[in-house]
file start_0.txt (compact mmCIF, C-alpha atoms)
# COMPACT_ATOMS: atom_id res chain seq x y z
CA MET H 1 116.17 114.22 98.58
CA LEU H 2 119.28 112.92 100.37
CA ILE H 3 118.28 114.70 103.56
CA GLN H 4 114.81 113.14 103.44
CA LEU H 5 116.30 109.69 102.89
CA CYS H 6 118.67 110.11 105.83
CA LEU H 7 115.82 111.36 108.00
CA TYR H 8 113.71 108.33 107.04
CA PHE H 9 116.39 105.81 108.03
CA TYR H 10 117.19 107.81 111.18
CA CYS H 11 113.55 107.73 112.29
CA LYS H 12 113.27 104.04 111.43
CA PHE H 13 116.36 103.30 113.49
CA LEU H 14 115.01 105.28 116.44
CA TRP H 15 111.64 103.52 116.18
CA ARG H 16 113.25 100.08 116.32
CA CYS H 17 115.37 101.16 119.27
CA LEU H 18 112.23 102.37 121.02
CA LYS H 19 110.46 99.06 120.32
CA PHE H 20 113.44 97.18 121.77
CA VAL H 21 113.41 99.31 124.92
CA MET H 22 109.63 98.94 125.33
CA ARG H 23 109.89 95.17 125.02
CA LYS H 24 112.59 95.06 127.72
CA LEU H 25 110.58 97.34 130.01
CA THR H 26 107.16 95.72 129.56
CA GLY H 27 108.14 92.16 128.71
CA ARG H 28 105.73 92.33 125.76
CA CYS H 29 106.25 92.62 122.01
CA GLU H 30 104.56 95.36 120.02
CA LEU H 31 101.69 93.08 118.93
CA GLN H 32 100.96 92.24 122.56
CA ARG H 33 101.04 95.89 123.61
CA ILE H 34 98.62 96.86 120.86
CA CYS H 35 96.14 94.09 121.65
CA PHE H 36 96.22 94.72 125.40
CA SER H 37 96.06 98.52 125.26
CA THR H 38 93.70 99.17 122.32
CA LYS H 39 90.02 98.27 122.24
CA PRO H 40 88.69 96.02 119.44
CA GLY H 41 87.83 97.84 116.24
CA ALA H 42 89.45 99.83 113.47
CA LEU H 43 92.16 101.46 115.59
CA ARG H 44 93.46 98.12 116.90
CA THR H 45 93.32 96.40 113.50
CA MET H 46 95.06 99.27 111.71
CA LYS H 47 97.80 99.36 114.36
CA ILE H 48 98.30 95.61 114.00
CA GLU H 49 98.40 95.96 110.22
CA ALA H 50 100.98 98.76 110.38
CA SER H 51 103.10 96.79 112.86
CA LEU H 52 103.12 93.70 110.62
CA ARG H 53 103.89 95.63 107.43
CA ASN H 54 106.75 97.57 109.04
CA SER H 55 108.32 94.56 110.73
CA LYS H 56 111.78 93.42 109.66
CA SER H 57 110.53 89.83 109.88
CA LYS H 58 109.42 88.33 106.56
CA LEU H 59 106.87 86.17 108.37
CA LEU H 60 105.17 89.21 109.87
CA GLN H 61 105.32 91.20 106.62
CA THR H 62 103.60 88.44 104.64
CA ALA H 63 101.00 87.76 107.33
CA VAL H 64 98.76 90.52 105.92
CA SER H 65 98.43 88.73 102.58
CA VAL H 66 98.07 85.05 103.51
CA HIS H 67 95.12 82.93 102.40
CA PRO H 68 92.25 83.00 104.94
CA ASP H 69 92.68 79.27 105.53
CA ALA H 70 96.31 79.86 106.54
CA ILE H 71 95.58 82.52 109.18
CA GLU H 72 95.45 80.10 112.12
CA LYS H 73 98.80 78.54 111.17
CA THR H 74 100.30 81.99 110.61
CA ILE H 75 99.30 83.06 114.11
CA GLU H 76 100.91 79.95 115.55
CA ASP H 77 104.11 80.80 113.68
CA ILE H 78 104.01 84.40 114.94
CA MET H 79 103.53 83.24 118.53
CA GLU H 80 106.47 80.88 118.15
CA LEU H 81 108.66 83.57 116.56
CA LYS H 82 107.85 86.01 119.36
CA LYS H 83 108.32 83.28 121.99
CA ILE H 84 104.79 83.78 123.33
CA ASN H 85 103.20 80.85 125.17
CA PRO H 86 99.61 80.49 123.85
CA ASP H 87 98.56 78.74 127.06
CA ILE H 88 99.64 81.75 129.12
CA ASN H 89 98.40 84.33 126.57
CA PRO H 90 95.34 82.71 124.90
CA GLN H 91 93.59 86.05 124.33
CA LEU H 92 96.42 87.30 122.12
CA GLY H 93 95.86 84.56 119.55
CA ILE H 94 92.12 85.30 119.47
CA SER H 95 92.72 89.03 119.02
CA LEU H 96 95.33 88.53 116.31
CA GLN H 97 93.03 86.15 114.45
CA ALA H 98 90.20 88.71 114.47
CA CYS H 99 92.53 91.41 113.14
CA LEU H 100 94.07 89.21 110.43
CA LEU H 101 90.65 88.08 109.24
CA GLN H 102 89.72 91.73 108.72
CA ILE H 103 93.04 92.69 107.11
CA VAL H 104 93.10 89.73 104.71
CA GLY H 105 89.36 90.07 104.10
CA TYR H 106 89.71 93.72 103.09
CA ARG H 107 92.41 92.79 100.61
CA ASN H 108 90.22 90.03 99.14
CA LEU H 109 87.22 92.36 99.01
CA ILE H 110 89.21 94.77 96.83
CA ALA H 111 89.95 91.87 94.47
CA ASP H 112 86.27 90.84 94.32
CA VAL H 113 85.10 94.39 93.68
CA GLU H 114 87.79 94.96 91.06
CA LYS H 115 86.75 91.78 89.24
CA LEU H 116 83.17 93.03 88.96
CA ARG H 117 84.31 96.48 87.89
CA ARG H 118 86.43 95.04 85.10
CA GLU H 119 83.66 92.78 83.78
CA PRO H 120 81.72 94.64 81.07
CA TYR H 121 77.97 94.41 80.73
CA ASP H 122 77.15 91.87 78.02
CA SER H 123 73.66 92.01 76.51
CA ASP H 124 74.20 88.47 75.18
CA ASN H 125 74.69 87.17 78.71
CA PRO H 126 71.31 85.96 80.12
CA GLN H 127 72.45 86.60 83.71
CA HIS H 128 73.36 90.21 82.96
CA GLU H 129 70.07 90.78 81.17
CA GLU H 130 68.11 89.20 84.02
CA MET H 131 69.76 91.50 86.56
CA LEU H 132 68.95 94.57 84.46
CA LEU H 133 65.30 93.58 84.06
CA LYS H 134 65.06 92.89 87.79
CA LEU H 135 66.36 96.40 88.47
CA TRP H 136 63.42 97.81 86.52
CA LYS H 137 60.98 95.49 88.29
CA PHE H 138 62.22 96.48 91.76
CA LEU H 139 62.17 100.21 91.01
CA LYS H 140 58.96 100.30 88.92
CA PRO H 141 56.91 97.31 90.17
CA ASN H 142 53.63 98.66 88.80
CA THR H 143 54.93 99.69 85.37
CA PRO H 144 55.65 96.95 82.81
CA LEU H 145 58.66 97.44 80.56
CA GLU H 146 57.43 97.76 76.99
CA SER H 147 60.59 96.28 75.45
CA ARG H 148 64.27 95.70 76.18
CA ILE H 149 65.30 98.71 74.09
CA THR H 150 63.05 101.60 75.09
CA LYS H 151 63.08 105.21 76.25
CA GLN H 152 61.43 103.98 79.45
CA TRP H 153 64.90 103.36 80.88
CA CYS H 154 65.23 107.15 81.19
CA GLU H 155 62.49 107.00 83.84
CA ILE H 156 64.92 105.37 86.26
CA GLY H 157 67.82 107.60 85.31
CA PHE H 158 69.63 105.99 82.39
CA GLN H 159 70.77 108.24 79.56
CA GLY H 160 69.28 106.44 76.56
CA ASP H 161 67.12 103.56 75.40
CA ASP H 162 69.75 100.90 76.20
CA PRO H 163 71.35 101.01 79.69
CA LYS H 164 74.29 98.80 78.70
CA THR H 165 76.22 101.83 77.44
CA ASP H 166 75.98 103.51 80.86
CA PHE H 167 77.78 100.66 82.64
CA ARG H 168 81.06 101.14 80.76
CA GLY H 169 82.81 103.05 83.55
CA MET H 170 82.04 100.70 86.44
CA GLY H 171 81.19 97.51 84.58
CA LEU H 172 78.93 95.03 86.37
CA LEU H 173 79.75 96.61 89.72
CA GLY H 174 77.38 99.48 89.00
CA LEU H 175 74.54 97.12 88.14
CA TYR H 176 75.22 94.90 91.17
CA ASN H 177 75.01 97.90 93.49
CA LEU H 178 71.90 99.40 91.92
CA GLN H 179 70.06 96.07 92.02
CA TYR H 180 71.13 95.47 95.63
CA PHE H 181 69.79 98.88 96.66
CA ALA H 182 66.53 98.42 94.73
CA GLU H 183 65.95 94.90 96.08
CA ARG H 184 67.19 95.06 99.68
CA ASP H 185 65.97 98.57 100.46
CA ALA H 186 63.09 98.77 98.00
CA THR H 187 60.98 101.39 99.79
CA ALA H 188 63.89 103.78 100.23
CA ALA H 189 65.18 103.19 96.68
CA GLN H 190 61.77 103.90 95.16
CA GLN H 191 61.43 107.04 97.27
CA VAL H 192 64.88 108.31 96.27
CA LEU H 193 64.01 107.58 92.62
CA SER H 194 60.75 109.48 92.96
CA ASP H 195 62.47 112.43 94.60
CA SER H 196 65.20 112.47 91.96
CA LEU H 197 62.56 112.72 89.22
CA HIS H 198 60.22 115.11 90.97
CA PRO H 199 61.98 116.68 93.97
CA LYS H 200 59.21 119.22 94.44
CA CYS H 201 56.72 116.36 94.82
CA SER H 202 58.70 114.60 97.53
CA LYS H 203 56.89 113.14 100.54
CA PHE H 204 58.67 115.63 102.79
CA SER H 205 56.18 117.77 104.72
CA LYS H 206 55.63 121.35 103.63
CA ALA H 207 57.45 122.58 106.75
CA GLU H 208 60.48 120.41 105.92
CA TRP H 209 60.52 121.71 102.35
CA GLU H 210 60.46 125.32 103.56
CA LYS H 211 63.08 124.65 106.23
CA LYS H 212 65.48 123.01 103.79
CA ARG H 213 64.69 125.41 100.92
CA MET H 214 63.69 122.43 98.80
CA ASP H 215 61.03 124.36 96.88
CA LYS H 216 63.75 125.13 94.32
CA ALA H 217 65.30 121.66 94.32
CA ILE H 218 66.16 120.10 90.99
CA GLY H 219 66.34 116.42 90.16
CA TYR H 220 69.08 114.15 88.90
CA SER H 221 69.42 110.89 86.97
CA PHE H 222 69.00 108.13 89.58
CA ALA H 223 70.84 105.32 87.75
CA ILE H 224 73.68 107.53 86.50
CA VAL H 225 74.19 108.95 89.99
CA GLY H 226 74.11 105.39 91.36
CA ILE H 227 76.94 104.42 89.02
CA ASN H 228 78.81 107.58 90.03
CA ILE H 229 78.37 106.78 93.73
CA THR H 230 79.63 103.27 92.94
CA ASP H 231 82.78 104.93 91.61
CA LEU H 232 83.05 106.92 94.85
CA ALA H 233 82.64 103.79 97.00
CA TYR H 234 85.18 101.94 94.85
CA ASN H 235 87.81 104.65 95.24
CA LEU H 236 87.21 104.87 98.99
CA LEU H 237 87.75 101.11 99.18
CA VAL H 238 90.91 100.99 97.05
CA SER H 239 92.48 104.00 98.78
CA GLY H 240 92.03 102.30 102.16
CA ALA H 241 89.69 105.01 103.46
CA LEU H 242 86.94 102.44 104.11
CA LYS H 243 89.15 100.40 106.43
CA THR H 244 87.91 102.46 109.37
CA HIS H 245 84.31 101.64 108.53
CA PHE H 246 84.74 97.96 107.69
CA TYR H 247 87.08 97.20 110.58
CA ASN H 248 84.42 98.66 112.92
CA ILE H 249 81.36 96.86 111.53
CA ALA H 250 82.69 93.50 110.28
CA PRO H 251 83.71 91.18 113.15
CA GLU H 252 85.65 89.04 110.69
CA ALA H 253 86.29 89.44 106.96
CA PRO H 254 84.40 92.25 105.16
CA THR H 255 82.57 90.86 102.13
CA LEU H 256 80.80 92.12 99.02
CA PRO H 257 77.46 92.57 100.87
CA HIS H 258 79.26 94.89 103.31
CA PHE H 259 80.43 96.95 100.34
CA GLN H 260 76.94 97.00 98.84
CA GLN H 261 75.40 98.07 102.14
CA THR H 262 77.91 100.90 102.24
CA PHE H 263 76.79 101.89 98.73
CA CYS H 264 73.18 102.02 99.95
CA TYR H 265 74.22 104.30 102.79
CA LEU H 266 76.13 106.58 100.42
CA MET H 267 73.10 106.79 98.11
CA HIS H 268 70.88 107.79 101.04
CA GLU H 269 73.36 110.37 102.27
CA PHE H 270 74.12 111.82 98.83
CA HIS H 271 70.42 112.25 98.14
CA LYS H 272 69.97 114.25 101.35
CA PHE H 273 73.16 116.19 100.68
CA TRP H 274 72.03 117.07 97.14
CA ILE H 275 68.75 118.49 98.46
CA GLU H 276 70.53 120.44 101.20
CA GLU H 277 73.08 121.88 98.76
CA ASP H 278 70.24 123.09 96.53
CA PRO H 279 72.28 123.29 93.29
CA MET H 280 71.20 125.72 90.60
CA ASP H 281 71.30 123.05 87.90
CA ILE H 282 72.69 119.59 87.10
CA MET H 283 75.93 121.19 85.90
CA GLU H 284 76.84 121.60 89.58
CA PHE H 285 76.88 117.84 90.10
CA ASN H 286 80.68 117.53 90.16
CA ARG H 287 80.98 120.32 92.74
CA VAL H 288 78.35 118.75 95.00
CA ARG H 289 79.82 115.29 94.54
CA GLU H 290 83.34 116.44 95.45
CA LYS H 291 82.08 118.28 98.53
CA PHE H 292 80.20 115.13 99.56
CA ARG H 293 83.32 113.00 99.01
CA LYS H 294 85.40 115.27 101.24
CA ARG H 295 82.80 115.06 104.00
CA ILE H 296 82.76 111.25 103.89
CA VAL H 297 86.58 111.06 103.85
CA LYS H 298 86.72 113.39 106.87
CA GLN H 299 84.24 111.19 108.74
CA LEU H 300 86.29 108.09 107.95
CA GLN H 301 89.38 109.67 109.52
CA ASN H 302 87.74 109.08 112.89
CA PRO H 303 88.95 105.61 114.01
CA ASP H 304 85.61 104.98 115.76
CA MET H 305 83.57 105.77 112.64
CA ALA H 306 81.01 103.33 111.22
CA LEU H 307 79.10 104.82 108.29
CA CYS H 308 76.08 102.53 108.58
CA PRO H 309 76.00 100.84 112.00
CA HIS H 310 72.27 100.11 111.59
CA PHE H 311 72.93 97.47 108.95
CA ALA H 312 72.80 93.79 109.94
CA ALA H 313 76.54 93.49 109.35
CA SER H 314 77.23 95.34 112.58
CA GLU H 315 75.08 93.15 114.81
CA GLY H 316 77.73 90.45 115.14
CA LEU H 317 80.51 92.83 116.20
CA ILE H 318 81.93 91.44 119.43
CA ASN H 319 84.89 92.26 121.59
CA MET H 320 87.81 90.01 120.90

call {"tool": "encode", "arguments": {"input": "start_0.txt", "output": "structure tokens"}}
result
Amino acid sequence: MLIQLCLYFYCKFLWRCLKFVMRKLTGRCELQRICFSTKPGALRTMKIEASLRNSKSKLLQTAVSVHPDAIEKTIEDIMELKKINPDINPQLGISLQACLLQIVGYRNLIADVEKLRREPYDSDNPQHEEMLLKLWKFLKPNTPLESRITKQWCEIGFQGDDPKTDFRGMGLLGLYNLQYFAERDATAAQQVLSDSLHPKCSKFSKAEWEKKRMDKAIGYSFAIVGINITDLAYNLLVSGALKTHFYNIAPEAPTLPHFQQTFCYLMHEFHKFWIEEDPMDIMEFNRVREKFRKRIVKQLQNPDMALCPHFAASEGLINM
């Protein structure tokens, strides 16, 4: 333990010495070197974030957690601290602002998602009930719901006659995600639901079924899997694994719709992965889910990775 501690301080000392030498040689601080040598995107933003967090300056350390409205003033203070003339280096301020918006936005997104996760479903809350009924309407537009408490809920993958008990793990976050998927990507959501109920009756062609060995495919509970995939997305967000994705697709602050779009992508991908894995029965769900999680985590280790670049959120990504 003592050796590790000594090694840590030794490396930290060497790193600061190296930064000092690099500044003398290049005439630029570390933030300038990162912005001028790294293209816009996750790699640049994560390098800026690491540089700020590891700085000995309190101003730089706290820059990653300022209020969004204070970002512009914070950048001015950083430029003054580093003795950088904004008239001579105008691009640096623009680049730093883009990075800080993403860094602070990611932190705020975690707070927003956590708030939804901690809010339990309340059947006495009209808004909660309305969202649940809309979920049914979006997934089963041609089938009226007989009553609020009914076995029909099993048709979209809930475990019993009252879905409220299934939201305990992820709170309202699970319902928000499921409704978003069913409403914003209705055709795909209805197809995934149909496949999950009757995989052998999927709209895949016969050749595709034979190629993917889907003749033996078994189904799964759509809503329960959706809540489980919400848990996966939540843990990827909180662990920081989704920084790569969000820093590449969101030109400014990632927001809740970005998170929900990512959930839609994960639902699409898990559905395909489930079919390809061809599990013997539903008892293999945890194995398949863990294998899927590892694949997504591995993809996110690529600094250029964007899980769902086809979503509208990526269209505004510009070079800063």

call {"tool": "atom_distance", "arguments": {"input": "start_0.txt", "atom1": "CA of Lys73 (chain H)", "atom2": "CA of Ala42 (chain H)"}}
result
23.4 Å

call {"tool": "residues_around", "arguments": {"input": "start_0.txt", "residues": "region 142-157 of chain H", "least_positions_apart": "2", "cutoff": "12 Å", "atoms": "only C-alpha atoms", "output": "MDAnalysis selection string"}}
result
chainID H and resid 123 129:130 132:140 159:166 178 182 189:198 219:228

call {"tool": "residues_around", "arguments": {"input": "start_0.txt", "residues": "Phe181 (chain H)", "least_positions_apart": "4", "cutoff": "8 Å", "atoms": "all atoms listed in the file", "output": "PyMOL selection string"}}
result
chain H and resi 177+185-186+189+260-261+263-264

call {"tool": "closest_residue", "arguments": {"input": "start_0.txt", "among": "H:Ile275, H:Ile75, H:Leu52, H:Leu100", "to": "Glu30 (chain H)", "atoms": "all atoms listed in the file"}}
result
H:Leu52

call {"tool": "closest_residue", "arguments": {"input": "start_0.txt", "among": "H:Thr262, H:Thr255, H:Asn302, H:Ser65", "to": "Asp112 (chain H)", "atoms": "only C-alpha atoms"}}
result
H:Thr255

call {"tool": "closest_residue", "arguments": {"input": "start_0.txt", "among": "H:Leu59, H:Ile88, H:Val288, H:Leu256", "to": "Lys272 (chain H)", "atoms": "only C-alpha atoms"}}
result
H:Val288

call {"tool": "atom_distance", "arguments": {"input": "start_0.txt", "atom1": "CA of Lys39 (chain H)", "atom2": "CA of Asn54 (chain H)"}}
result
21.3 Å
